[in-house]
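Have a look at coords00.txt; it's compact mmCIF, C-alpha atoms:
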```txt
# COMPACT_ATOMS: atom_id res chain seq x y z
CA MET A 1479 0.00 0.00 0.00
CA VAL A 1480 1.38 3.40 -0.94
CA GLN A 1481 1.46 5.95 1.85
CA ASN A 1482 -0.29 9.09 0.71
CA ALA A 1483 -2.07 12.00 2.30
CA GLU A 1484 -5.55 10.74 1.49
CA ASN A 1485 -4.99 7.28 2.98
CA THR A 1486 -3.18 8.78 5.97
CA LEU A 1487 -6.13 11.06 6.76
CA LYS A 1488 -8.61 8.20 6.38
CA VAL A 1489 -6.67 5.86 8.67
CA ALA A 1490 -6.05 8.56 11.28
CA HIS A 1491 -9.72 9.59 11.31
CA GLN A 1492 -10.73 6.00 11.96
CA ALA A 1493 -8.13 5.69 14.72
CA PHE A 1494 -9.26 8.96 16.29
CA GLU A 1495 -12.85 7.73 16.32
CA HIS A 1496 -11.75 4.55 18.15
CA PHE A 1497 -9.56 6.67 20.42
CA THR A 1498 -12.39 8.97 21.53
CA HIS A 1499 -14.66 5.93 21.93
CA GLY A 1500 -12.02 4.43 24.21
CA LEU A 1501 -11.78 7.63 26.24
CA ALA A 1502 -15.57 7.81 26.60
CA THR A 1503 -16.26 4.14 27.34
CA GLY A 1504 -13.06 2.34 28.37
CA GLU A 1505 -13.50 0.02 25.36
CA TRP A 1506 -10.13 0.15 23.65
CA GLN A 1507 -9.93 -3.02 21.54
CA ALA A 1508 -10.84 -1.37 18.23
CA PHE A 1509 -8.13 1.24 18.83
CA PHE A 1510 -5.57 -1.39 19.84
CA ASP A 1511 -6.33 -3.30 16.63
CA MET A 1512 -5.11 -0.28 14.67
CA LEU A 1513 -1.71 -0.04 16.41
CA THR A 1514 1.44 -1.58 14.95
CA ASP A 1515 3.32 -4.02 17.20
CA ASP A 1516 6.24 -1.55 17.39
CA PHE A 1517 3.90 1.33 18.27
CA THR A 1518 5.52 4.10 20.32
CA PHE A 1519 3.92 6.97 22.18
CA TRP A 1520 4.86 10.10 24.10
CA PHE A 1521 2.78 11.35 27.00
CA PRO A 1522 3.25 14.61 28.95
CA ILE A 1523 2.94 13.68 32.62
CA GLY A 1524 2.83 11.01 35.31
CA LYS A 1525 4.14 7.45 35.23
CA PHE A 1526 4.01 7.33 31.41
CA GLN A 1527 5.73 10.71 30.92
CA GLY A 1528 8.10 10.72 27.95
CA LEU A 1529 8.64 7.99 25.35
CA ASN A 1530 6.91 4.61 25.74
CA GLN A 1531 7.60 1.71 23.41
CA GLY A 1532 5.52 -1.26 22.32
CA LYS A 1533 1.86 -2.14 21.92
CA GLU A 1534 1.71 -3.88 25.31
CA LYS A 1535 2.87 -0.71 27.03
CA ALA A 1536 0.17 1.15 25.12
CA LYS A 1537 -2.51 -1.24 26.38
CA GLU A 1538 -1.28 -0.73 29.94
CA PHE A 1539 -1.41 3.02 29.43
CA PHE A 1540 -4.89 3.31 27.94
CA TYR A 1541 -6.42 1.02 30.58
CA TYR A 1542 -4.67 3.18 33.18
CA VAL A 1543 -6.28 6.28 31.61
CA SER A 1544 -9.71 4.67 31.75
CA ALA A 1545 -9.19 3.60 35.36
CA SER A 1546 -8.48 7.27 36.17
CA PHE A 1547 -11.60 8.48 34.31
CA GLN A 1548 -14.09 5.85 35.37
CA LEU A 1549 -17.08 7.80 34.09
CA GLY A 1550 -15.35 8.45 30.78
CA LEU A 1551 -13.62 11.40 29.20
CA GLU A 1552 -15.84 13.15 26.67
CA LEU A 1553 -14.79 14.94 23.51
CA VAL A 1554 -16.10 18.52 23.94
CA SER A 1555 -14.98 19.90 20.57
CA LEU A 1556 -12.74 18.86 17.72
CA ASP A 1557 -11.14 22.19 16.83
CA ARG A 1558 -8.56 21.58 14.10
CA ILE A 1559 -7.24 18.74 11.95
CA THR A 1560 -3.95 19.18 10.09
CA SER A 1561 -1.98 16.60 8.17
CA ASN A 1562 0.80 15.72 5.79
CA ASP A 1563 1.60 12.48 3.92
CA THR A 1564 2.29 10.48 7.09
CA THR A 1565 1.04 12.44 10.12
CA VAL A 1566 -2.31 13.82 11.31
CA VAL A 1567 -2.73 16.19 14.26
CA PHE A 1568 -6.09 16.56 16.03
CA GLU A 1569 -6.60 19.57 18.30
CA PHE A 1570 -9.54 19.07 20.63
CA LYS A 1571 -11.01 19.81 24.04
CA ASP A 1572 -12.16 17.14 26.44
CA ALA A 1573 -13.77 17.00 29.86
CA GLY A 1574 -14.65 14.48 32.53
CA LEU A 1575 -13.99 13.52 36.12
CA LEU A 1576 -10.40 12.66 37.04
CA LEU A 1577 -10.43 10.52 40.17
CA GLY A 1578 -13.78 12.12 40.91
CA GLN A 1579 -12.69 15.74 40.37
CA PRO A 1580 -13.83 17.95 37.43
CA TYR A 1581 -11.21 17.88 34.69
CA LYS A 1582 -10.93 19.59 31.34
CA ASN A 1583 -8.11 20.01 28.90
CA ARG A 1584 -7.09 21.30 25.51
CA VAL A 1585 -5.17 18.54 23.79
CA ALA A 1586 -3.21 17.98 20.59
CA VAL A 1587 -2.59 14.39 19.53
CA SER A 1588 -0.37 13.55 16.60
CA PHE A 1589 -0.73 10.18 14.88
CA ASP A 1590 1.90 8.78 12.52
CA VAL A 1591 0.33 6.42 9.99
CA ARG A 1592 2.01 3.42 8.34
CA GLU A 1593 -0.17 1.67 5.76
CA ASP A 1594 -3.49 1.07 7.55
CA LYS A 1595 -2.20 1.34 11.12
CA ILE A 1596 -0.91 3.89 13.63
CA CYS A 1597 2.79 3.42 14.36
CA SER A 1598 3.36 6.37 16.68
CA TYR A 1599 1.41 8.83 18.76
CA ARG A 1600 2.37 12.03 20.57
CA GLU A 1601 0.15 13.78 23.05
CA TYR A 1602 0.45 17.43 24.09
CA PHE A 1603 -1.52 19.29 26.77
CA GLY A 1604 -2.80 22.79 26.26
CA SER A 1605 -3.89 23.47 29.80
CA ASP A 1606 -1.51 21.34 31.77
CA GLY A 1607 -4.13 18.86 32.92
CA LYS A 1608 -5.81 21.44 35.14
CA SER A 1609 -9.44 22.48 34.85
CA MET B 176 -5.51 37.35 -1.32
CA VAL B 177 -7.03 33.89 -1.50
CA GLN B 178 -6.33 31.66 1.47
CA ASN B 179 -4.90 28.39 0.25
CA ALA B 180 -2.74 25.64 1.64
CA GLU B 181 0.40 26.75 -0.19
CA ASN B 182 0.20 30.36 1.02
CA THR B 183 -0.75 29.24 4.52
CA LEU B 184 2.33 27.02 4.76
CA LYS B 185 4.59 29.77 3.43
CA VAL B 186 3.28 32.38 5.88
CA ALA B 187 3.41 29.99 8.84
CA HIS B 188 6.97 28.91 8.00
CA GLN B 189 8.06 32.54 7.97
CA ALA B 190 6.29 33.18 11.27
CA PHE B 191 7.83 30.07 12.83
CA GLU B 192 11.28 31.26 11.78
CA HIS B 193 10.67 34.63 13.48
CA PHE B 194 9.18 32.80 16.48
CA THR B 195 12.25 30.59 17.03
CA HIS B 196 14.49 33.61 16.46
CA GLY B 197 12.54 35.40 19.19
CA LEU B 198 12.88 32.44 21.56
CA ALA B 199 16.62 32.25 20.92
CA THR B 200 17.44 35.96 21.04
CA GLY B 201 14.61 37.91 22.68
CA GLU B 202 14.20 39.88 19.44
CA TRP B 203 10.48 39.61 18.70
CA GLN B 204 9.70 42.54 16.39
CA ALA B 205 9.73 40.52 13.15
CA PHE B 206 7.31 38.05 14.73
CA PHE B 207 5.07 40.81 16.09
CA ASP B 208 4.93 42.34 12.60
CA MET B 209 3.28 39.15 11.38
CA LEU B 210 0.46 39.16 13.96
CA THR B 211 -2.99 40.57 13.23
CA ASP B 212 -4.25 43.26 15.63
CA ASP B 213 -6.97 40.88 16.85
CA PHE B 214 -4.45 38.08 17.38
CA THR B 215 -5.43 35.56 20.09
CA PHE B 216 -3.34 32.89 21.74
CA TRP B 217 -3.71 29.99 24.16
CA PHE B 218 -0.91 29.04 26.52
CA PRO B 219 -0.80 26.02 28.87
CA ILE B 220 0.45 27.33 32.22
CA GLY B 221 1.24 30.26 34.47
CA LYS B 222 -0.10 33.81 34.36
CA PHE B 223 -0.97 33.51 30.65
CA GLN B 224 -2.73 30.14 31.00
CA GLY B 225 -5.78 29.83 28.78
CA LEU B 226 -7.04 32.27 26.16
CA ASN B 227 -5.32 35.65 25.70
CA GLN B 228 -6.63 38.30 23.34
CA GLY B 229 -4.96 41.09 21.41
CA LYS B 230 -1.56 41.87 19.97
CA GLU B 231 -0.55 43.97 22.99
CA LYS B 232 -1.16 41.01 25.29
CA ALA B 233 0.97 38.92 22.95
CA LYS B 234 3.85 41.40 23.19
CA GLU B 235 3.63 41.31 26.97
CA PHE B 236 3.66 37.52 26.86
CA PHE B 237 6.63 37.02 24.53
CA TYR B 238 8.76 39.55 26.42
CA TYR B 239 7.81 37.71 29.60
CA VAL B 240 8.98 34.43 28.02
CA SER B 241 12.30 36.01 27.07
CA ALA B 242 12.73 37.46 30.55
CA SER B 243 12.34 33.93 31.91
CA PHE B 244 14.86 32.47 29.44
CA GLN B 245 17.50 35.16 29.50
CA LEU B 246 20.09 33.03 27.69
CA GLY B 247 17.54 32.06 25.06
CA LEU B 248 15.50 28.99 24.30
CA GLU B 249 16.99 26.93 21.49
CA LEU B 250 15.17 24.83 18.93
CA VAL B 251 16.59 21.30 19.37
CA SER B 252 14.64 19.57 16.61
CA LEU B 253 11.71 20.33 14.34
CA ASP B 254 9.98 16.96 14.26
CA ARG B 255 6.76 17.32 12.27
CA ILE B 256 4.88 19.92 10.25
CA THR B 257 1.22 19.33 9.39
CA SER B 258 -1.22 21.72 7.79
CA ASN B 259 -4.54 22.38 6.15
CA ASP B 260 -5.85 25.39 4.22
CA THR B 261 -5.71 27.75 7.21
CA THR B 262 -3.68 26.12 10.01
CA VAL B 263 -0.13 24.83 10.41
CA VAL B 264 1.11 22.78 13.38
CA PHE B 265 4.81 22.56 14.23
CA GLU B 266 5.95 19.80 16.59
CA PHE B 267 9.40 20.52 17.99
CA LYS B 268 11.71 20.12 20.94
CA ASP B 269 13.44 23.01 22.67
CA ALA B 270 15.89 23.49 25.51
CA GLY B 271 17.42 26.27 27.57
CA LEU B 272 17.72 27.62 31.06
CA LEU B 273 14.48 28.62 32.81
CA LEU B 274 15.32 31.08 35.58
CA GLY B 275 18.78 29.52 35.56
CA GLN B 276 17.64 25.87 35.74
CA PRO B 277 17.98 23.36 32.85
CA TYR B 278 14.73 23.17 30.91
CA LYS B 279 13.60 21.12 27.94
CA ASN B 280 10.22 20.47 26.40
CA ARG B 281 8.36 18.84 23.56
CA VAL B 282 6.01 21.43 22.12
CA ALA B 283 3.25 21.67 19.52
CA VAL B 284 2.34 25.13 18.27
CA SER B 285 -0.57 25.69 15.97
CA PHE B 286 -0.74 28.85 13.84
CA ASP B 287 -3.93 30.02 12.14
CA VAL B 288 -3.11 32.07 9.05
CA ARG B 289 -5.21 34.89 7.59
CA GLU B 290 -3.82 36.32 4.35
CA ASP B 291 -0.14 37.06 5.13
CA LYS B 292 -0.45 37.20 8.92
CA ILE B 293 -0.99 34.97 11.94
CA CYS B 294 -4.37 35.56 13.57
CA SER B 295 -4.27 32.89 16.25
CA TYR B 296 -1.80 30.64 17.99
CA ARG B 297 -2.22 27.67 20.33
CA GLU B 298 0.61 26.18 22.31
CA TYR B 299 0.65 22.66 23.78
CA PHE B 300 3.28 21.06 26.02
CA GLY B 301 4.46 17.50 25.58
CA SER B 302 6.48 17.18 28.74
CA ASP B 303 4.70 19.53 31.06
CA GLY B 304 7.51 22.06 31.18
CA LYS B 305 9.75 19.73 33.13
CA SER B 306 13.19 18.61 32.01
```
Would you write out, as structure tokens, the structure that this file holds?
Amino acid sequence: MVQNAENTLKVAHQAFEHFTHGLATGEWQAFFDMLTDDFTFWFPIGKFQGLNQGKEKAKEFFYYVSASFQLGLELVSLDRITSNDTTVVFEFKDAGLLLGQPYKNRVAVSFDVREDKICSYREYFGSDGKS
Amino acid sequence: MVQNAENTLKVAHQAFEHFTHGLATGEWQAFFDMLTDDFTFWFPIGKFQGLNQGKEKAKEFFYYVSASFQLGLELVSLDRITSNDTTVVFEFKDAGLLLGQPYKNRVAVSFDVREDKICSYREYFGSDGKS
């Protein structure tokens, strides 16, 4: 499969849909199915701060996120989508309860696409995790 | 002037060059010259956390940044550039001394372009400001 901007956008959109479903519900399997085995991700804070390598680490991370947001983390607005041939960035706002306390954030997530999967992911916080 | 992806990329690249020059040197005028009068920006933390409105507020902010990084904040790597017809996102790493202490960060900045100027800017932190 040739990597091109159109395919990259399509794959990333699908992954983002599974991603926000995972955040809202804790059901992550459809998102995990789109990750390459050598998937890497960067996260801003906490025990997963920095670079994390491997799909198993990713599963640990996303279940950890859902355990922290037991009532789900809702997408409030999807503000911008930018892309190139291999990468798509989603800027959005989300909100929920973090360990029972009101939480909201501005977030940018950047997905790198390889064929029909996500091979890398970088998350950035716009409001430092505070509400 | 018609807003299109090619012009948007060109304007944002020029602005990003002035932006990194400002971070490195404290010389911000060339960057300020590219901001619309109704420029708005979002910043993750501190006294400018959240939404800030107006070019004068922006000047106050960028001089405040340079006062905090008196030896300059250097671009370490420009990792990804993504765009659409009106917005360009730069993912990069930077490093310097923050109030004399070693500082490094992963950052995403998102510029909205209107004609040949930047009308909005959103900054996101990938490592929470910590080294």
Please identify every residue of chain A that has at least one atom no farther than 8 Å from an atom of chain B, counting only C-alpha atoms, and for each give the shortest atom pair and the distance in Å to one decimal, arranged by chain then increasing number, as a Markdown table.
```
| residue | atom | partner | partner_atom | distance |
| --- | --- | --- | --- | --- |
| A:Trp1520 | CA | B:Gly301 | CA | 7.6 |
| A:Phe1521 | CA | B:Gly301 | CA | 6.5 |
| A:Pro1522 | CA | B:Ser302 | CA | 4.1 |
| A:Ile1523 | CA | B:Asp303 | CA | 6.3 |
| A:Gln1527 | CA | B:Ser302 | CA | 6.9 |
| A:Gly1528 | CA | B:Ser302 | CA | 6.7 |
| A:Arg1558 | CA | B:Thr262 | CA | 7.8 |
| A:Ile1559 | CA | B:Asn259 | CA | 7.4 |
| A:Thr1560 | CA | B:Ser258 | CA | 4.4 |
| A:Ser1561 | CA | B:Thr257 | CA | 4.4 |
| A:Asn1562 | CA | B:Thr257 | CA | 5.1 |
| A:Thr1565 | CA | B:Thr257 | CA | 6.9 |
| A:Val1566 | CA | B:Thr257 | CA | 6.8 |
| A:Val1567 | CA | B:Thr257 | CA | 7.0 |
| A:Val1585 | CA | B:Tyr299 | CA | 7.1 |
| A:Ala1586 | CA | B:Tyr299 | CA | 6.9 |
| A:Arg1600 | CA | B:Gly301 | CA | 7.7 |
| A:Glu1601 | CA | B:Gly301 | CA | 6.2 |
| A:Tyr1602 | CA | B:Gly301 | CA | 4.3 |
| A:Phe1603 | CA | B:Tyr299 | CA | 5.0 |
| A:Gly1604 | CA | B:Tyr299 | CA | 4.3 |
| A:Ser1605 | CA | B:Pro219 | CA | 4.1 |
| A:Asp1606 | CA | B:Pro219 | CA | 5.6 |
```
Surrounding residues of Gln1531 (chain A) excluding itself and chain neighbours under 4 positions, 8 Å, all atoms listed in the file, as number ranges by chain: A: 1516-1519, 1535-1536
Shell of 12 Å around Glu1538 (chain A), only C-alpha atoms, local chain residues under 6 positions omitted, as a VMD selection string: chain A and resid 1506 1510 1525 to 1526 1530 to 1532 1544 to 1545
Draw an axis-aligned box tight on the listed atoms of region 1482-1493 of chain A, then pad every side by 4 Å and write out centre and edge lengths in Å to one decimal as AutoDock Vina command-line options.
```
--center_x -5.5 --center_y 8.8 --center_z 7.7 --size_x 18.4 --size_y 14.3 --size_z 22.0
```
For CA of Leu1551 (chain A) and CA of Arg1592 (chain A), quote the distance in Å rounded to one decimal.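 These two atoms are separated by 27.3 Å.
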Place a sphere of radius 9 Å on (-13.5, 12.8, 25.6) in the file coordinates and name every protein, DNA or RNA residue with an atom inside or on its surface, counting only C-alpha atoms; give the answer as a PDB file with C-alpha atoms, in the coordinates of the input.
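File produced: out03.pdb:
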```pdb
ATOM      1  CA  PHE A1497      -9.560   6.670  20.420  1.00  0.00           C
ATOM      2  CA  THR A1498     -12.390   8.970  21.530  1.00  0.00           C
ATOM      3  CA  HIS A1499     -14.660   5.930  21.930  1.00  0.00           C
ATOM      4  CA  GLY A1500     -12.020   4.430  24.210  1.00  0.00           C
ATOM      5  CA  LEU A1501     -11.780   7.630  26.240  1.00  0.00           C
ATOM      6  CA  ALA A1502     -15.570   7.810  26.600  1.00  0.00           C
ATOM      7  CA  GLY A1550     -15.350   8.450  30.780  1.00  0.00           C
ATOM      8  CA  LEU A1551     -13.620  11.400  29.200  1.00  0.00           C
ATOM      9  CA  GLU A1552     -15.840  13.150  26.670  1.00  0.00           C
ATOM     10  CA  LEU A1553     -14.790  14.940  23.510  1.00  0.00           C
ATOM     11  CA  VAL A1554     -16.100  18.520  23.940  1.00  0.00           C
ATOM     12  CA  SER A1555     -14.980  19.900  20.570  1.00  0.00           C
ATOM     13  CA  PHE A1570      -9.540  19.070  20.630  1.00  0.00           C
ATOM     14  CA  LYS A1571     -11.010  19.810  24.040  1.00  0.00           C
ATOM     15  CA  ASP A1572     -12.160  17.140  26.440  1.00  0.00           C
ATOM     16  CA  ALA A1573     -13.770  17.000  29.860  1.00  0.00           C
ATOM     17  CA  GLY A1574     -14.650  14.480  32.530  1.00  0.00           C
TER      18      GLY A1574
END
```
Do you know which residues are at most 8 Å from region 184-192 of chain B counting only C-alpha atoms, after dropping those on the same chain fewer than 5 positions away, and could you put them as number ranges by chain? B: 206, 209, 258, 263, 286, 288, 291-293
Measure the distance from CA of Thr200 (chain B) to CA of Gln245 (chain B) in Å and round it to one decimal.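 Straight-line distance from CA of Thr200 (chain B) to CA of Gln245 (chain B) works out to 8.5 Å.
If you look at CA of Glu1534 (chain A) and CA of Thr1486 (chain A), they are 23.6 Å away from each other.
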Which one is closest to Asn182 (chain B): B:Asp208, B:Phe237, B:Glu290, B:Ser295? Count only C-alpha atoms. B:Glu290
Quick one: region 1586-1597 of chain A with N, CA and C atoms, as a short mmCIF file (atom, residue, chain, number, x, y, z; two decimals), in the frame of the given file?
```cif
data_model
loop_
_atom_site.label_atom_id
_atom_site.label_comp_id
_atom_site.auth_asym_id
_atom_site.auth_seq_id
_atom_site.Cartn_x
_atom_site.Cartn_y
_atom_site.Cartn_z
N ALA A 1586 -3.58 18.28 21.97
CA ALA A 1586 -3.21 17.98 20.59
C ALA A 1586 -2.63 16.57 20.58
N VAL A 1587 -3.17 15.72 19.72
CA VAL A 1587 -2.59 14.39 19.53
C VAL A 1587 -2.15 14.26 18.09
N SER A 1588 -0.98 13.68 17.92
CA SER A 1588 -0.37 13.55 16.60
C SER A 1588 -0.16 12.07 16.31
N PHE A 1589 -0.83 11.58 15.28
CA PHE A 1589 -0.73 10.18 14.88
C PHE A 1589 0.18 10.05 13.66
N ASP A 1590 1.16 9.16 13.72
CA ASP A 1590 1.90 8.78 12.52
C ASP A 1590 1.28 7.52 11.95
N VAL A 1591 1.00 7.53 10.65
CA VAL A 1591 0.33 6.42 9.99
C VAL A 1591 1.32 5.63 9.13
N ARG A 1592 1.26 4.30 9.25
CA ARG A 1592 2.01 3.42 8.34
C ARG A 1592 1.02 2.43 7.75
N GLU A 1593 0.85 2.47 6.45
CA GLU A 1593 -0.17 1.67 5.76
C GLU A 1593 -1.54 1.90 6.42
N ASP A 1594 -2.15 0.85 6.98
CA ASP A 1594 -3.49 1.07 7.55
C ASP A 1594 -3.47 1.05 9.08
N LYS A 1595 -2.30 1.34 9.66
CA LYS A 1595 -2.20 1.34 11.12
C LYS A 1595 -1.50 2.62 11.63
N ILE A 1596 -1.58 2.78 12.95
CA ILE A 1596 -0.91 3.89 13.63
C ILE A 1596 0.39 3.34 14.23
N CYS A 1597 1.50 3.94 13.86
CA CYS A 1597 2.79 3.42 14.36
C CYS A 1597 3.38 4.29 15.46
#
```
